[in-house]
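For reference, the structure discussed in these notes is given below.
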Amino acid sequence: MVSLSRSKMFQLLQGHLPPAGQRARKTTRLVSKDGRCNIEYDNSARLAFLVDMWTTVVEIRWRFVLLLFIISFTGSWFIFSLLWYWIAKSNGDLASQNRTIGHVRCIDNVNGLTTAFLYSLETQTTIGYGGRALTGNCAGTVALIMVQSLVGVFINCFMCGVILAKISLPKKRAKTVTFSNTAVICLKKGRLCLLIRVANLRKTLLIGSHIYGKLVRTSLTPDEEAIILDQVDVDFAVDAGKDNLFFVCPLTLYHVIDRSSPFYELSSDSLPQQDFELVVFLDGTAESTSSSCQVRTSYVPQEIQWGHTFSPIISKTKTGKYCVDFSNFSKSVPVSTPHCALCFSAEVEQRNTNCLSEQNLTNHTKLGIDNLGFQVIEVDTETADITKM
């Protein structure tokens with residue numbers, strides 16, 4: 001009974017699984033959809049992070065920044081408390097020590113490690129409750145309080161700078177710029193184009209924004225040497241140009257698939273079997289903070305829809321305002337599209353050749369009527385007849 005049920009289950013699963021040739025391969029991304037780079041470095045490369053300590057601290061996660069904040073302050077308080085305790089013990093100021101009559105204290109009311117820690121805390125944070133203070137009778141205490149004050153100022157400046165720099169990072173601004181989940185290939189103004197859609201979710205603009213792409217793939221050199229992560233430039237543009245986009249509403253960016261395009265040899269059938277990654281970059285300057293930011297995303301062949309176009313999302317209300325429907329931001333509809341770029345290019349060239357031939361034939365037909373020299377001959381003939389008469 002058990003073997004029979006297992007065999008039936010296997011047949012059921014086998015019936016739902018696609019054939020081996022049609023199963024979608026697992027694609028390894030270099031850049032995730034949210035712009036993170038999928039790359040790892042060995043331990044030897046991580047030593048370089050210690051050289052650029054400031055950038056390393058700014059880029060670590062918030063949990064580690066808060067942990068560093070707590071450790072740096074509490075650690076400095078405790079280390080200096082040990083020094084204050086050592087000075088008090090060396091001078092015989094502790095409660096457990098037998099003090100003689102007329103004993104001169106270095107620090108008032110520091111009788112143990114706990115009170116030494118409280119004194120270190122009060123000194124570095126400039127609280128100064130007044131219960132514990134220097135007497136001025138020991139030169140070492142004056143030097144130590146100067147050192148602790150300088151260290152406290154340095155820690156305050158460093159941690160405040162880290163927190164402010166981390167808060168003002170442009171990465172959060174990049175979260176409000178989104179790309180469409182898929183790209184489409186269709187005809188646009190008589191040309192075969194690859195289209196993507198990008199939107200700015202804030203009303204503040206990205207100044208001087210421009211977009212470009214990189215096609216990442218494994219290629220072979222003439223010597224049959226494999227180049228992993230070979231990069232090819234992919235130009236994107238809008239109808240008004242490709243630089244300094246007026247990013248006030250969602251834009252549809254397109255790449256013309258012509259002879260210079262890396263997608264020229266693709267077709268609707270061969271596209272899903274390709275192994276490449278299209279990485280798209282959008283650079284700009286935030287209008288409110290004047291900080292530069294970059295937004296990244298990527299598309300694999302399974303996320304490029306051949307023969308589709310994006311649904312319209314911008315409409316005008318009765319009150320005269322423009323409304324953006326983000327529910328259709330990544331939606332696409334099928335449209336009539338050529339099967340491949342090569343056949344479309346050949347068809348366009350043949351059409352242009354036929355139009356040129358028809359134009360030349362028309363010009364040859366009109367050649368006798370428009371010939372000014374022929375009209376001059378007619379005038380000369382009439383003049384000759386009149387002369388004969």
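Please note that chains go A, B, ... in the order of the structure tokens, that every chain numbers its residues from 1, and that ligands are numbered from 1 in the order shown.
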Find the residues around stretch 271-281 of chain A up to 9 Å (only C-alpha atoms counted), leave out those fewer than 6 positions away in its own chain, and share them as a PyMOL selection string. chain A and resi 24-25+27+29-31+210-218+234+294-304+306
A:Arg132 surroundings by only C-alpha atoms, 9 Å radius, close-in-sequence under 6 positions cut, as a list in words: Ile107, Asp108, Asn109, Val110, Thr115, Leu118, Tyr119 and Glu122 of chain A
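Candidate residues A:Ala341, A:Ile39, A:Val184, A:Leu66 were compared for distance to A:Pro262, and the nearest is A:Ala341, using only C-alpha atoms.
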Residue contacts of stretch 308-310 of chain A (7 Å, only C-alpha atoms) excluding same-chain residues fewer than 3 positions away, as number ranges by chain: A: 184-186, 305, 331-335
All residues 8 Å or closer to A:Trp84, only C-alpha atoms, same chain fewer than 6 positions away omitted, as a list in words: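 The contact residues come out as Ala116, Ser120 and Thr141 of chain A.
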Need to verify the contact set: stretch 165-174 of chain A, 6 Å, only C-alpha atoms, exclusion of same-chain residues closer than 4 positions in sequence. Can you return it as a PyMOL selection string? chain A and resi 58+161+293+295
Correct to one decimal, the distance atom CA of A:Trp77-atom CA of A:Asp52 is 26.5 Å
Excluding A:Cys193 and residues on its chain fewer than 2 positions from it, collect all residues at most 9 Å away from it, counting only C-alpha atoms, and give them as a list of chain:residue names.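 Here the qualifying residues turn out to be A:Val184, A:Ile185, A:Cys186, A:Leu187, A:Lys188, A:Arg191, A:Leu195, A:Tyr254, A:His255, A:Val256, A:Ile257, A:Asp258.
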Separation of atom CA of A:Thr125 from atom CA of A:Gly152, in Å and rounded to one decimal: 7.7 Å
